[in-house]
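Before any comments, here is the structure.
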Amino acid sequence: MSLGRFQSRFLTVARRLCNKSGNSAVPRFLDRHVQALLGEMTGVDVDKVFSPRKEPLRVPRYQLMSEEQLTKAEEDTIERAKKLLRMPPVLDQRKEIGEILEDDQLLDGHDKDEAKLVFTDISLDVHNRDRKIVVREANGVLRQATWGERDNMNQIYFPVEGRKLHMPALFLPENMQVVFAQGRHEYMLDVANIQCDPDSEDYIKVHHETYEDIEKRGCHDVLYSTRHYGGMVYYLVKQQRTDKLLINILDADRMDDAERLIRLCHLLHPNTDVAIKCKQKAVSGIDLVEMHLRLQGPQKALKYFEELDKRTEGIES
Amino acid sequence: QTRAFNMVIRIRLALHGCKNRPFYHIVVANRKWKRDGKHFEQVGSYDPMPNERKEKLVALKLDRIKYWLAVGVQPTTPVAKLLGLGGILPVHPRSYLEAKRHREAKQKELEDTVQSKAEPAPTEV
C-alpha cells in the first residue's frame with residue numbers, strides 16, 4: 001500500500017480546493033499554524049507506525065552497525081514515520097454537479113435498450129478532477145456526470161490500487177458498529193481514505209461516524225500516532241467538544257499536547273471569553289492549560305494539576 | 001468537398017470482445033486494413049452492452065480525436081453517431097431518425113396492448 005502516493009494525491013486535491021474563500025479571520029485546517037499544532041500533537045510512536053502488517057515474505061536482513069550508524073538509522077526511521085503520519089486534508093463536502101448541456105427532445109428514444117451513454121475523456125494529460133465526463137440520457141438530455149458517476153468512470157479507466165468500484169459493505173451502519181466494537185477505528189479510516197476522495201459525501205460521513213464513536217467510547221488513544229489523529233482533533237475542536245480529549249491527553253501525561261490543544265481551541269475560536277482572557281494575560285505552557293481549565297474546561301481535569309502541585313511540593317520539601 | 005467522404009483514413013469501430021459479448025475499440029485506421037487489424041492508434045472504446053447501472057460506456061481520447069478530425073480524417077457512421085451523441089460533433093441525422101422510429105414503434109406497441117385488452121376474451125366451449 002503506497003501511502004505516499006495517496007497523500008500527494010490528497011494534497012493536490014486539497015490545494016486546488018482550499019483556495020476557495022472562507023471566513024478568513026478564522027484559520028482552517030490547512031493553515032500552517034493549525035497544521036503545526038496538529039502535527040506535533042499527533043506524536044511519533046515508531047512502534048505503532050511500523051507495527052507488523054501482512055507483507056510479502058522477505059528474507060530477513062541483518063546488519064552489523066556501529067553506535068553512530070545505529071543512531072542514524074533510528075533518526076531515519078523517525079523521518080520515515082513522519083512521512084507516513086502526514087494528515088489527509090479536511091475539506092467541505094463537494095457540491096453536486098447537475099449542469100445540463102443540451103436538452104434535445106428529438107433524441108428521445110435514441111437508444112433501443114433505454115440505457116444512458118456515458119462519455120469519458122481519457123486524454124492522458126488531464127487530471128481526474130478536470131476530466132470531462134458527460135452523460136447522454138435515453139430521453140436525449142446531455143448533462144455533466146454526477147460525482148458518483150465521475151468516481152466510477154475514473155476508477156474504471158484510471159484505477160487506484162485498493163479502491164473498489166462498489167462501496168464496501170464495511171460502510172454500512174451495522175458493519176461499522178462491529179468494527180468499532182473491535183476497536184479497529186484506524187482500519188475503518190484507512191479504508192475510507194483509499195476508497196473515497198476527501199471531499200466526497202461517504203468519506204466525510206465515515207470519518208464523522210468514526211470520530212463520534214471514539215468520542216462516545218473515550219478511546220482517543222486509538223488514533224494517537226496515526227495520520228488520522230489531526231483530523232479527529234480538528235473535528236472535536238471545531239465543535240468545542242474537547243473535554244474528553246483533554247482528559248485523555250492528561251491521563252497519558254502529555255502536558256505539551258494539552259497546551260497545544262488549548263492553543264488550537266483559542267486559534268479556531270478566538271472570540272470566546274476564554275481565548276480573549278488568556279491572550280490578555282499572555283500565559284503559556286502549563287499555566288495556559290490551568291487557566292483554561294479554571295475558566296472553562298472540565299473540572300475533573302483540575303485534579304491533575306493538584307497532583308502536579310503535590311509532586312512539586314514533594315520534590316521541593 | 002465530396003472527396004473527403006472517400007478519405008482513405010477513417011475513425012472506426014474495431015470489434016473485439018468474445019462470442020455474444022461485443023466490445024469495440026475506436027480506432028484510426030486505413031480503410032483497406034482489416035477491421036480488427038493494423039491501425040494508426042486507438043482513440044477510445046465503446047461498450048454496447050449496458051452495465052448494471054444501465055450505462056453504455058464510451059471512452060474517447062479527445063485530444064487525439066480532435067487532431068485527426070482537424071487533419072481531415074472521416075469518422076464512419078457509428079463513430080459519427082457516438083461523437084454526435086457525446087457533443088463533440090453535431091448530432092448525426094441517423095440518430096434523430098432512429099429515435100423517431102423507436103418512439104413510433106413504442107407508441108404502436110402501446111396501442112396494440114391497449115387494443116388487445118379492449119377486445120373481449122375468447123369464450124370457452
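If you're wondering about the labels, chains in the C-alpha cells are A, B, ... by order shown, residues count from 1 in each chain, ligands from 1 in order shown.
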
task: Residues of chain B no more than 6 Å from chain A, counting only C-alpha atoms: send them over as an MDAnalysis selection string.
output: chainID B and resid 54:62 96 98:99 102:103

field: Expected answer as a list in words: alpha helix (DSSP H) residues in segment 7-97 of chain B
entry: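 Listing alpha helix (DSSP H) positions across segment 7-97 of chain B yields Leu62, Asp63, Arg64, Ile65, Lys66, Tyr67, Trp68, Leu69, Ala70, Val71, Thr77, Pro78, Val79, Ala80, Lys81, Leu82, Leu83, Gly84, Leu85, Gly86, Pro93, Arg94, Ser95, Tyr96 and Leu97 of chain B.
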
For Asp273 of chain A, find every residue with an atom within 12 Å (counting only C-alpha atoms), except residues of its own chain fewer than 5 positions away, and show them as an mmCIF file with C-alpha atoms, in the first residue's frame.
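Saved result, selection-v8.cif, follows:
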```cif
data_model
loop_
_atom_site.group_PDB
_atom_site.id
_atom_site.type_symbol
_atom_site.label_atom_id
_atom_site.label_comp_id
_atom_site.auth_asym_id
_atom_site.auth_seq_id
_atom_site.Cartn_x
_atom_site.Cartn_y
_atom_site.Cartn_z
ATOM 1 C CA CYS A 265 -9.023 25.866 20.654
ATOM 2 C CA HIS A 266 -8.126 29.511 21.062
ATOM 3 C CA CYS A 278 -5.852 34.029 28.075
ATOM 4 C CA LYS A 279 -4.497 36.302 25.377
ATOM 5 C CA GLN A 280 -4.749 39.313 27.670
ATOM 6 C CA MET A 291 -6.177 28.959 33.255
ATOM 7 C CA HIS A 292 -8.308 27.440 30.506
ATOM 8 C CA LEU A 295 -12.306 29.326 33.231
ATOM 9 C CA GLN A 296 -13.995 26.730 31.058
#
```

message: Using only C-alpha atoms for the distances, tell me which of A:Asp287, A:Glu201, A:Asp45, A:Asp103 is nearest to Arg80 of chain A.
response: A:Asp45

message: Between atom CA of Leu37 of chain A and atom CA of Val237 of chain A, what distance in Å does the model show, to one decimal?
response: 12.2 Å

query: Near segment 10-13 of chain B, within 9 Å and counting only C-alpha atoms, which residues show up once chain neighbours fewer than 5 positions away are dropped, as a PyMOL selection string?
result: chain B and resi 24-31+35-36+43+45-46+65+68-69+73-80
